[in-house]
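Engineer: Sharing data_13.cif below, mmCIF, C-alpha atoms:
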```cif
data_protein
loop_
_atom_site.label_atom_id
_atom_site.label_comp_id
_atom_site.auth_asym_id
_atom_site.auth_seq_id
_atom_site.Cartn_x
_atom_site.Cartn_y
_atom_site.Cartn_z
CA MET A 1 54.37 -48.29 -5.01
CA SER A 2 51.55 -45.86 -4.36
CA THR A 3 48.36 -46.87 -2.69
CA THR A 4 44.97 -45.34 -3.32
CA GLN A 5 43.21 -44.30 -0.15
CA GLN A 6 39.78 -45.82 0.14
CA PRO A 7 37.09 -43.20 0.87
CA THR A 8 35.66 -43.36 4.38
CA ASN A 9 31.97 -43.10 5.19
CA GLU A 10 32.57 -39.57 6.45
CA MET A 11 34.25 -38.60 3.19
CA MET A 12 31.40 -40.06 1.16
CA ALA A 13 28.79 -38.32 3.31
CA GLU A 14 30.57 -34.98 2.90
CA LYS A 15 30.71 -35.48 -0.86
CA LEU A 16 27.02 -36.27 -1.00
CA ARG A 17 26.24 -33.24 1.12
CA GLU A 18 27.31 -31.08 -1.81
CA LEU A 19 24.16 -32.25 -3.59
CA THR A 20 21.93 -30.50 -1.04
CA ALA A 21 24.16 -27.59 0.01
CA ASP A 22 22.36 -25.01 -2.12
CA TYR A 23 18.81 -26.34 -1.82
CA LEU A 24 17.13 -26.67 1.60
CA PRO A 25 20.17 -28.41 3.16
CA GLU A 26 18.75 -28.99 6.66
CA ALA A 27 15.11 -29.44 5.71
CA SER A 28 12.95 -32.10 7.35
CA TRP A 29 10.74 -33.93 4.85
CA THR A 30 7.34 -35.60 5.15
CA ILE A 31 6.30 -37.80 2.25
CA GLY A 32 2.63 -38.48 1.50
CA GLY A 33 1.09 -41.58 -0.04
CA ALA A 34 1.09 -43.83 3.02
CA PHE A 35 -1.80 -46.31 3.28
CA ARG A 36 -2.24 -46.09 -0.51
CA PHE A 37 1.13 -46.58 -2.20
CA ASP A 38 3.08 -48.26 0.58
CA ALA A 39 4.96 -50.87 -1.45
CA SER A 40 6.40 -48.27 -3.84
CA LEU A 41 6.90 -45.72 -1.09
CA GLN A 42 8.93 -48.08 1.07
CA VAL A 43 11.24 -48.93 -1.83
CA ILE A 44 11.97 -45.24 -2.47
CA LEU A 45 12.41 -44.36 1.20
CA THR A 46 14.80 -47.26 1.73
CA GLY A 47 16.72 -46.08 -1.33
CA PHE A 48 17.06 -42.55 0.02
CA ALA A 49 18.47 -43.92 3.28
CA ALA A 50 21.06 -45.91 1.31
CA PHE A 51 22.00 -43.49 -1.49
CA LEU A 52 21.35 -40.02 -0.04
CA PRO A 53 20.96 -40.33 3.76
CA MET A 54 20.85 -36.57 4.37
CA ARG A 55 17.60 -36.55 2.37
CA LYS A 56 16.02 -39.45 4.23
CA PRO A 57 12.49 -38.25 5.19
CA ALA A 58 11.55 -37.91 8.83
CA ARG A 59 8.06 -39.33 8.40
CA VAL A 60 5.36 -40.46 6.01
CA ALA A 61 1.82 -39.12 5.82
CA GLY A 62 -1.41 -40.61 4.60
CA THR A 63 -5.17 -40.75 4.86
CA ILE A 64 -7.42 -43.73 5.42
CA ALA A 65 -11.01 -43.74 4.20
CA CYS A 66 -13.09 -42.85 7.24
CA ALA A 67 -15.59 -40.30 8.52
CA TRP A 68 -12.82 -37.78 9.21
CA SER A 69 -11.09 -37.88 5.81
CA LEU A 70 -11.82 -36.98 2.20
CA ASP A 71 -11.26 -38.81 -1.09
CA TRP A 72 -10.47 -36.67 -4.11
CA PHE A 73 -11.43 -39.17 -6.79
CA VAL A 74 -13.40 -42.26 -5.75
CA GLN A 75 -14.64 -43.36 -2.35
CA ARG A 76 -12.13 -45.93 -1.09
CA ARG A 77 -13.02 -48.71 1.31
CA PRO A 78 -11.77 -48.57 4.90
CA MET A 79 -8.47 -50.34 5.55
CA ALA A 80 -8.48 -53.50 7.65
CA LEU A 81 -7.09 -52.77 11.10
CA ALA A 82 -4.63 -55.68 10.87
CA GLU A 83 -3.15 -54.22 7.67
CA TYR A 84 -3.02 -50.75 9.19
CA THR A 85 -1.19 -51.85 12.34
CA GLN A 86 1.24 -53.91 10.27
CA LEU A 87 2.13 -50.81 8.25
CA LEU A 88 2.63 -48.80 11.44
CA GLU A 89 5.11 -51.43 12.61
CA GLN A 90 6.92 -51.45 9.27
CA TYR A 91 7.41 -47.68 9.26
CA ALA A 92 8.58 -47.78 12.88
CA LYS A 93 11.23 -50.36 11.94
CA MET A 94 12.35 -47.96 9.18
CA ASN A 95 12.67 -45.25 11.89
CA LEU A 96 9.99 -43.19 10.16
CA GLY A 97 7.21 -41.36 11.93
CA VAL A 98 3.64 -41.60 10.64
CA MET A 99 1.39 -38.58 10.25
CA LEU A 100 -2.19 -39.81 10.07
CA VAL A 101 -4.15 -37.21 8.10
CA PHE A 102 -7.80 -36.34 8.75
CA ASP A 103 -8.40 -33.69 6.08
CA ASN A 104 -12.18 -33.29 6.41
CA PRO A 105 -12.88 -29.75 7.67
CA PHE A 106 -16.64 -30.32 7.94
CA ILE A 107 -16.80 -32.96 10.68
CA THR A 108 -20.00 -32.93 12.69
CA ALA A 109 -20.33 -33.51 16.43
CA GLU A 110 -22.01 -36.85 15.70
CA GLN A 111 -18.95 -38.06 13.78
CA LEU A 112 -16.49 -37.38 16.60
CA ASN A 113 -17.10 -40.70 18.34
CA ASP A 114 -16.84 -42.86 15.23
CA THR A 115 -15.46 -46.15 16.55
CA TYR A 116 -13.29 -47.00 13.54
CA THR A 117 -11.48 -43.66 13.36
CA LEU A 118 -10.92 -43.53 17.12
CA THR A 119 -9.33 -46.97 16.87
CA LEU A 120 -7.01 -45.71 14.12
CA VAL A 121 -5.83 -42.91 16.40
CA ASP A 122 -5.47 -45.17 19.44
CA GLU A 123 -3.29 -47.62 17.48
CA LEU A 124 -1.19 -44.77 16.05
CA TYR A 125 -0.44 -43.57 19.57
CA LYS A 126 -0.02 -47.00 21.14
CA ARG A 127 2.47 -48.18 18.51
CA ASP A 128 4.56 -44.99 18.45
CA ARG A 129 7.75 -46.58 19.77
CA ILE A 130 10.03 -43.97 18.17
CA ARG A 131 7.89 -41.01 19.34
CA LYS A 132 7.51 -39.50 15.88
CA ASN A 133 3.82 -40.14 15.13
CA ALA A 134 1.22 -37.38 14.91
CA VAL A 135 -2.23 -36.60 13.55
CA CYS A 136 -2.99 -33.79 11.13
CA VAL A 137 -6.56 -32.50 11.35
CA ALA A 138 -8.61 -29.91 9.46
CA SER A 139 -11.20 -29.34 12.18
CA ASP A 140 -10.79 -27.44 15.46
CA LEU A 141 -13.69 -29.48 16.83
CA LEU A 142 -11.84 -32.72 16.11
CA ALA A 143 -8.58 -31.32 17.50
CA ASP A 144 -10.27 -30.49 20.81
CA HIS A 145 -11.84 -33.94 20.96
CA LEU A 146 -8.50 -35.71 20.40
CA ARG A 147 -6.71 -33.53 22.97
CA THR A 148 -9.23 -34.65 25.57
CA ARG A 149 -8.79 -38.29 24.60
CA LEU A 150 -4.99 -38.34 24.11
CA PRO A 151 -3.48 -35.18 25.61
CA HIS A 152 0.11 -36.10 24.65
CA LEU A 153 -0.60 -36.88 20.99
CA PRO A 154 0.97 -34.21 18.70
CA ILE A 155 -1.73 -32.52 16.60
CA ILE A 156 -0.92 -30.61 13.41
CA CYS A 157 -3.27 -28.14 11.73
CA HIS A 158 -4.09 -29.26 8.18
CA PRO A 159 -4.22 -26.64 5.37
CA ASN A 160 -7.88 -27.46 4.73
CA ARG A 161 -8.54 -25.78 8.08
CA LEU A 162 -7.19 -22.59 6.47
CA VAL A 163 -9.05 -23.24 3.19
CA CYS A 164 -12.34 -23.13 5.07
CA GLU A 165 -11.45 -20.12 7.19
CA GLN A 166 -14.29 -17.63 6.76
CA GLY A 167 -12.29 -14.53 7.59
CA ARG A 168 -9.23 -13.06 5.93
CA ARG A 169 -6.06 -15.06 6.43
CA ASN A 170 -3.19 -13.14 7.99
CA ALA A 171 -0.17 -13.65 10.23
CA GLN A 172 -2.27 -13.17 13.38
CA LEU A 173 -4.51 -16.10 12.38
CA TYR A 174 -1.46 -18.37 12.10
CA ASN A 175 -0.07 -17.13 15.40
CA THR A 176 -3.39 -17.94 17.06
CA LEU A 177 -3.40 -21.44 15.57
CA LEU A 178 0.19 -22.01 16.71
CA GLN A 179 -1.03 -21.54 20.27
CA LYS A 180 -3.60 -24.32 19.79
CA TYR A 181 -1.65 -26.80 17.65
CA ASN A 182 1.81 -28.33 17.90
CA ARG A 183 2.47 -27.35 14.29
CA VAL A 184 0.52 -25.60 11.51
CA CYS A 185 0.50 -26.25 7.76
CA LEU A 186 0.51 -23.03 5.77
CA HIS A 187 -2.28 -22.57 3.23
CA PRO A 188 -0.49 -23.34 -0.08
CA ALA A 189 -1.39 -19.93 -1.52
CA ASP A 190 0.11 -18.18 1.53
CA ALA A 191 3.48 -19.87 1.00
CA VAL A 192 4.26 -17.26 -1.68
CA ARG A 193 3.11 -14.27 0.39
CA PRO A 194 5.97 -12.88 2.47
CA ALA A 195 3.57 -10.27 3.86
CA ILE A 196 1.81 -13.14 5.66
CA TYR A 197 4.52 -15.62 6.60
CA SER A 198 7.05 -12.98 7.65
CA GLY A 199 4.67 -12.03 10.47
CA ILE A 200 4.35 -15.57 11.86
CA SER A 201 6.00 -15.72 15.27
CA ASP A 202 7.73 -19.11 14.91
CA LEU A 203 8.26 -20.43 11.39
CA SER A 204 10.14 -23.43 12.77
CA HIS A 205 6.71 -24.82 13.74
CA VAL A 206 5.22 -24.29 10.28
CA GLU A 207 4.82 -27.02 7.64
CA ILE A 208 4.94 -26.23 3.91
CA ILE A 209 3.28 -28.34 1.22
CA ILE A 210 5.64 -27.98 -1.70
CA ASN A 211 3.60 -29.63 -4.47
CA ASP A 212 -0.06 -28.65 -4.14
CA PRO A 213 -1.57 -28.82 -7.68
CA CYS A 214 -4.65 -26.65 -7.02
CA HIS A 215 -4.89 -23.17 -8.54
CA ARG A 216 -3.21 -20.47 -6.46
CA ASN A 217 -6.28 -18.28 -6.60
CA CYS A 218 -8.92 -21.00 -6.80
CA PRO A 219 -12.40 -19.50 -6.20
CA VAL A 220 -14.07 -22.88 -5.58
CA ARG A 221 -11.66 -24.68 -3.28
CA ARG A 222 -13.88 -24.31 -0.21
CA GLU A 223 -16.95 -25.46 -2.14
CA HIS A 224 -14.95 -28.43 -3.46
CA MET A 225 -14.10 -29.42 0.13
CA ARG A 226 -17.76 -29.16 1.12
CA LEU A 227 -18.84 -31.45 -1.72
CA LEU A 228 -16.16 -34.02 -0.87
CA ALA A 229 -17.35 -34.01 2.76
CA GLU A 230 -20.95 -34.56 1.67
CA MET A 231 -19.86 -37.38 -0.61
CA ARG A 232 -18.14 -39.04 2.33
CA ARG A 233 -21.42 -38.97 4.27
CA ASP A 234 -23.50 -40.02 1.24
CA PRO A 235 -21.14 -41.95 -1.08
CA TYR A 236 -23.80 -43.25 -3.49
CA ASN A 237 -25.43 -39.90 -4.18
CA THR A 238 -24.89 -39.39 -7.91
CA SER A 239 -26.17 -35.83 -7.67
CA LEU A 240 -23.18 -34.92 -5.51
CA MET A 241 -20.87 -36.60 -8.01
CA ALA A 242 -22.36 -34.55 -10.83
CA GLN A 243 -22.00 -31.33 -8.81
CA ARG A 244 -18.33 -32.06 -8.19
CA GLU A 245 -17.66 -32.77 -11.86
CA SER A 246 -19.48 -29.61 -12.89
CA LEU A 247 -17.50 -27.56 -10.38
CA ILE A 248 -14.16 -28.93 -11.57
CA THR A 249 -15.05 -28.47 -15.24
CA ARG A 250 -16.31 -24.93 -14.76
CA ASN A 251 -13.15 -23.92 -12.91
CA GLY A 252 -10.85 -25.63 -15.42
CA CYS A 253 -9.03 -27.61 -12.72
CA HIS A 254 -8.14 -30.48 -15.06
CA LYS A 255 -7.78 -28.44 -18.24
CA VAL A 256 -4.40 -28.69 -19.91
CA ASP A 257 -3.93 -26.32 -22.84
CA ALA A 258 -0.36 -26.03 -24.14
CA MET A 259 -1.26 -22.75 -25.85
CA ALA A 260 -2.59 -21.18 -22.67
CA LEU A 261 -0.19 -22.33 -19.98
CA GLN A 262 0.24 -19.76 -17.23
CA GLN A 263 3.30 -19.28 -15.11
CA LYS A 264 2.66 -20.11 -11.46
CA LEU A 265 -0.98 -21.08 -12.08
CA SER A 266 -0.81 -23.88 -9.50
CA CYS A 267 0.33 -23.88 -5.88
CA ASN A 268 3.42 -25.92 -6.76
CA LEU A 269 6.34 -23.97 -5.31
CA THR A 270 9.23 -22.95 -7.51
CA ARG A 271 12.73 -23.59 -6.18
CA ASP A 272 13.22 -19.91 -5.50
CA GLU A 273 9.97 -19.79 -3.51
CA ALA A 274 10.97 -22.83 -1.46
CA LYS A 275 14.42 -21.35 -0.80
CA ALA A 276 12.85 -18.03 0.26
CA LEU A 277 10.73 -19.88 2.86
CA TYR A 278 13.82 -21.75 4.04
CA ALA A 279 15.76 -18.49 4.37
CA ALA A 280 12.88 -17.07 6.44
CA GLY A 281 13.15 -19.94 8.92
CA VAL A 282 10.92 -22.77 7.61
CA ARG A 283 12.50 -26.21 7.97
CA SER A 284 9.60 -28.63 7.43
CA PHE A 285 8.40 -29.48 3.92
CA ILE A 286 5.72 -31.92 2.76
CA VAL A 287 5.44 -33.77 -0.55
CA GLN A 288 1.70 -34.52 -0.61
CA GLY A 289 0.12 -37.49 -2.38
CA ASN A 290 -3.62 -37.20 -1.64
CA GLN A 291 -4.40 -35.40 -4.88
CA PHE A 292 -2.72 -37.97 -7.15
CA ARG A 293 -4.47 -40.93 -8.70
CA ASN A 294 -1.39 -43.15 -8.88
CA GLU A 295 1.99 -43.59 -7.28
CA MET A 296 4.02 -42.74 -10.39
CA THR A 297 2.96 -39.09 -10.15
CA LEU A 298 3.95 -39.07 -6.48
CA LEU A 299 7.33 -40.69 -7.17
CA TRP A 300 8.04 -38.09 -9.85
CA ASP A 301 7.22 -35.27 -7.43
CA ILE A 302 9.38 -36.80 -4.69
CA PHE A 303 12.43 -36.54 -6.94
CA GLN A 304 11.51 -33.12 -8.31
CA CYS A 305 10.88 -31.64 -4.87
CA MET A 306 13.71 -33.21 -2.87
CA LEU A 307 16.64 -33.18 -5.31
CA ASP A 308 18.59 -30.18 -6.57
CA TYR A 309 18.48 -29.98 -10.36
CA SER A 310 20.83 -27.02 -10.75
CA PRO A 311 22.67 -27.28 -14.11
CA GLU A 312 26.05 -28.06 -12.56
CA ILE A 313 24.78 -31.11 -10.64
CA ASP A 314 21.60 -32.15 -12.44
CA ASN A 315 23.41 -35.20 -13.86
CA LYS A 316 24.04 -36.41 -10.30
CA ALA A 317 20.42 -35.83 -9.31
CA ALA A 318 19.31 -37.80 -12.37
CA THR A 319 21.68 -40.64 -11.42
CA ILE A 320 20.24 -40.80 -7.92
CA ALA A 321 16.66 -40.81 -9.23
CA THR A 322 17.51 -43.54 -11.76
CA SER A 323 19.25 -45.62 -9.10
CA LEU A 324 16.27 -45.38 -6.78
CA MET A 325 13.80 -46.30 -9.50
CA ALA A 326 16.03 -49.25 -10.48
CA GLN A 327 15.31 -50.76 -7.07
CA PHE A 328 11.89 -51.76 -8.37
CA GLY A 329 13.58 -54.29 -10.65
CA ALA A 330 15.90 -55.68 -8.01
CA PRO A 331 15.91 -59.50 -7.59
CA SER A 332 13.53 -60.84 -4.97
CA ASN A 333 13.35 -64.09 -3.05
CA SER A 334 9.54 -64.11 -3.07
CA MET A 335 7.14 -64.66 -5.93
CA PRO A 336 4.41 -62.07 -6.55
CA SER A 337 1.00 -63.49 -5.77
CA GLY A 338 -2.58 -62.33 -5.52
CA LEU A 339 -2.88 -64.55 -2.45
CA ARG A 340 -0.38 -62.50 -0.42
CA LYS A 341 -2.99 -61.26 2.06
CA PHE A 342 -4.52 -64.70 2.67
CA THR A 343 -3.53 -67.21 5.33
CA PHE A 344 -4.02 -70.97 5.11
CA THR A 345 -4.28 -73.82 7.59
CA ASN A 346 -4.27 -77.63 7.32
CA TYR A 347 -7.61 -77.93 9.06
CA GLU A 348 -10.47 -79.52 7.14
#
```
What do you get writing this file as structure tokens?

Structural biologist:
Amino acid sequence: MSTTQQPTNEMMAEKLRELTADYLPEASWTIGGAFRFDASLQVILTGFAAFLPMRKPARVAGTIACAWSLDWFVQRRPMALAEYTQLLEQYAKMNLGVMLVFDNPFITAEQLNDTYTLTLVDELYKRDRIRKNAVCVASDLLADHLRTRLPHLPIICHPNRLVCEQGRRNAQLYNTLLQKYNRVCLHPADAVRPAIYSGISDLSHVEIIINDPCHRNCPVRREHMRLLAEMRRDPYNTSLMAQRESLITRNGCHKVDAMALQQKLSCNLTRDEAKALYAAGVRSFIVQGNQFRNEMTLLWDIFQCMLDYSPEIDNKAATIATSLMAQFGAPSNSMPSGLRKFTFTNYE
């Protein structure tokens, strides 16, 4: 009588590793959408840990409405500190770092001592039990301020810092920033320019946004950032809203014309471009979520960016994506309720 050998965990892990062998096999991933789409994000991240552990992200990233951040669509309300700290604890229990993003490149000196935002940073640092948390800032002024306040807090340079660079971007600029920051995010347009990134001294300290939807040669990106910063300071100014809409319409940012689609119009990286960066030495990739209105777009991009859809294994990638999405329909012991965030007592 023959017996069938049961596969061991090591055998299963090796089999799964085939799914990433030809596409960024040792990449470290940061997934955006934290503090906006947390319920959906946590389901997907838990699923990756269970179904494809070698693709489990290292950290999540997200922005909170505050003086140091921007909102691409509508001005969100600030998050309650109790909710924020609870989310920090949840991600720590999932062994995920949190990258708190401050993407406003036009911060004034008066905004540096904003009490709410300083509290956000203090809590991020205080609750970093797994030593994976960091801030990502788009302002050198803010970076200097945070270094003085929390000298051991890792600070990453946000790509909006490069968007608003007045001079010409080159490898020397990135090398200079690498001396000031723990890590630097490449401007999305520079991720397809070997003449720039091949001259960067240490690509292992460079972060790549893999799914930026803005135009690669956008002539109004800096002006767009300026308007978003002004809207943060003056959120009810309808004139600013009209200027933003006019800018977007004039540049065709949201125009979709099936008869005039252009190859590589956006900053979304192709697989070959991502693999070229990996071959050059880049190991850190970001799936951003700030420029999406809803979590379904982000979830789609997570699968498209992190899984290998080569013809010979695309059926397996589709199975993994379907299995992860099926977790949203899994049985639950709790009833959904609009009263989830309320607490009750027996006191009169």

Engineer: Of the residues A:Leu96, A:Ala189, A:Val163, A:Leu112, which is the one nearest to Leu146 in chain A, using all atoms listed in the file?

Structural biologist: A:Leu112

Engineer: Name the residues in contact with Asn294 in chain A at a cut-off of 12 Å, using only C-alpha atoms, excluding same-chain residues fewer than 6 positions from it; report them as a ChimeraX atom specification.

Structural biologist: /A:33,36-38,40-41,73,300-301

Engineer: Given the file above and the PyMOL selection byres ((chain A and resi 272) around 12), which residues are selected, and can you give them as number ranges by chain?

Structural biologist: A: 22-24, 191-192, 210, 268-271, 273-279, 305, 308, 310

Engineer: In Å, with one decimal, what is the gap from CA of Arg221 in chain A to CA of His187 in chain A?

Structural biologist: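 According to the coordinates, CA of Arg221 in chain A and CA of His187 in chain A are separated by 11.6 Å.
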
Engineer: Within 10 Å of Ile156 in chain A, counting all atoms listed in the file, which residues qualify if same-chain residues fewer than 3 places away don't, as number ranges by chain?

Structural biologist: A: 99-101, 134-138, 143, 153, 159, 177-178, 180-185, 205-207

Engineer: What gap, in Å, lies between CA of Leu228 in chain A and CA of Asp71 in chain A?

Structural biologist: 6.9 Å

Engineer: How would you write, as a ChimeraX atom specification, the residues chosen by the PyMOL selection byres ((chain A and resi 199) around 9) on this structure?

Structural biologist: /A:170-172,174-175,194-198,200-202

Engineer: On this structure, which residues satisfy the PyMOL selection byres ((chain A and resi 54) around 9), written as a PyMOL selection string?

Structural biologist: chain A and resi 13+16-17+20+25-26+48-49+52-53+55-57

Engineer: Can you tell me which residues surround Ile208 in chain A at a distance of at most 7 Å, considering all atoms listed in the file, apart from same-chain residues fewer than 5 positions away, and format the answer as JSON, numbers by chain?

Structural biologist: {"A": [185, 186, 284, 285, 286]}

Engineer: Quick one: distance from CA of Glu245 in chain A to CA of His224 in chain A in Å, one decimal?

Structural biologist: 9.8 Å

Engineer: Using all atoms listed in the file for the distances, tell me which of A:Val220, A:Asp212, A:Pro78, A:Ser266 is nearest to Thr249 in chain A.

Structural biologist: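 For Thr249 in chain A, the nearest of the given residues is A:Val220.
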
Engineer: Go through A:Ala58, A:Leu19, A:Ala326, A:Leu87 one by one, measure the shortest atom-to-atom distance of each to Asp314 in chain A using all atoms listed in the file, and give the residue with the smallest value.

Structural biologist: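 The shortest atom-to-atom distance to Asp314 in chain A comes from A:Leu19.
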
Engineer: Name the residues, using the chain letters and numbers of the file, that sit within 10 Å of (-15.7, -29.6, 1.1) when counting all atoms listed in the file, and give them as a ChimeraX atom specification.

Structural biologist: /A:70,103-106,160,163-164,220-232,244

Engineer: Take the residues that were just selected and, keeping C-alpha atoms, output them as a PDB file, in the coordinates of the input.

Structural biologist:
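In the end it all went to result.pdb:
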```pdb
ATOM      1  CA  LEU A  70     -11.820 -36.980   2.200  1.00  0.00           C
ATOM      2  CA  ASP A 103      -8.400 -33.690   6.080  1.00  0.00           C
ATOM      3  CA  ASN A 104     -12.180 -33.290   6.410  1.00  0.00           C
ATOM      4  CA  PRO A 105     -12.880 -29.750   7.670  1.00  0.00           C
ATOM      5  CA  PHE A 106     -16.640 -30.320   7.940  1.00  0.00           C
ATOM      6  CA  ASN A 160      -7.880 -27.460   4.730  1.00  0.00           C
ATOM      7  CA  VAL A 163      -9.050 -23.240   3.190  1.00  0.00           C
ATOM      8  CA  CYS A 164     -12.340 -23.130   5.070  1.00  0.00           C
ATOM      9  CA  VAL A 220     -14.070 -22.880  -5.580  1.00  0.00           C
ATOM     10  CA  ARG A 221     -11.660 -24.680  -3.280  1.00  0.00           C
ATOM     11  CA  ARG A 222     -13.880 -24.310  -0.210  1.00  0.00           C
ATOM     12  CA  GLU A 223     -16.950 -25.460  -2.140  1.00  0.00           C
ATOM     13  CA  HIS A 224     -14.950 -28.430  -3.460  1.00  0.00           C
ATOM     14  CA  MET A 225     -14.100 -29.420   0.130  1.00  0.00           C
ATOM     15  CA  ARG A 226     -17.760 -29.160   1.120  1.00  0.00           C
ATOM     16  CA  LEU A 227     -18.840 -31.450  -1.720  1.00  0.00           C
ATOM     17  CA  LEU A 228     -16.160 -34.020  -0.870  1.00  0.00           C
ATOM     18  CA  ALA A 229     -17.350 -34.010   2.760  1.00  0.00           C
ATOM     19  CA  GLU A 230     -20.950 -34.560   1.670  1.00  0.00           C
ATOM     20  CA  MET A 231     -19.860 -37.380  -0.610  1.00  0.00           C
ATOM     21  CA  ARG A 232     -18.140 -39.040   2.330  1.00  0.00           C
ATOM     22  CA  ARG A 244     -18.330 -32.060  -8.190  1.00  0.00           C
TER      23      ARG A 244
END
```

Engineer: Let me make sure I understand: among A:Thr85, A:Asn133, A:Thr297, A:Gln90, which one has the smallest atom-to-atom distance to Leu120 in chain A if we use all atoms listed in the file?

Structural biologist: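 With all atoms listed in the file as the atom set, the closest residue is A:Thr85.
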
Engineer: Just checking: using all atoms listed in the file, which residue out of A:Trp29, A:Pro213, A:Phe51, A:Arg147 ends up closest to Ala317 in chain A?

Structural biologist: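 Comparing A:Trp29, A:Pro213, A:Phe51, A:Arg147 against Ala317 in chain A, the winner is A:Phe51.
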
Engineer: Looking at A:Glu89, A:Leu247, A:Thr46, A:Val98, which one is nearest to Ala61 in chain A, with distances taken over all atoms listed in the file?

Structural biologist: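 Closest candidate: A:Val98.
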
Engineer: Please determine an axis-aligned box that encloses all atoms of range 236-253 of chain A listed in the file, with 4 Å added on each side, and express its centre and edge lengths in Å to one decimal as lines of an AutoDock Vina configuration file.

Structural biologist:
```
center_x = -17.6
center_y = -33.6
center_z = -9.5
size_x = 25.1
size_y = 27.3
size_z = 19.9
```
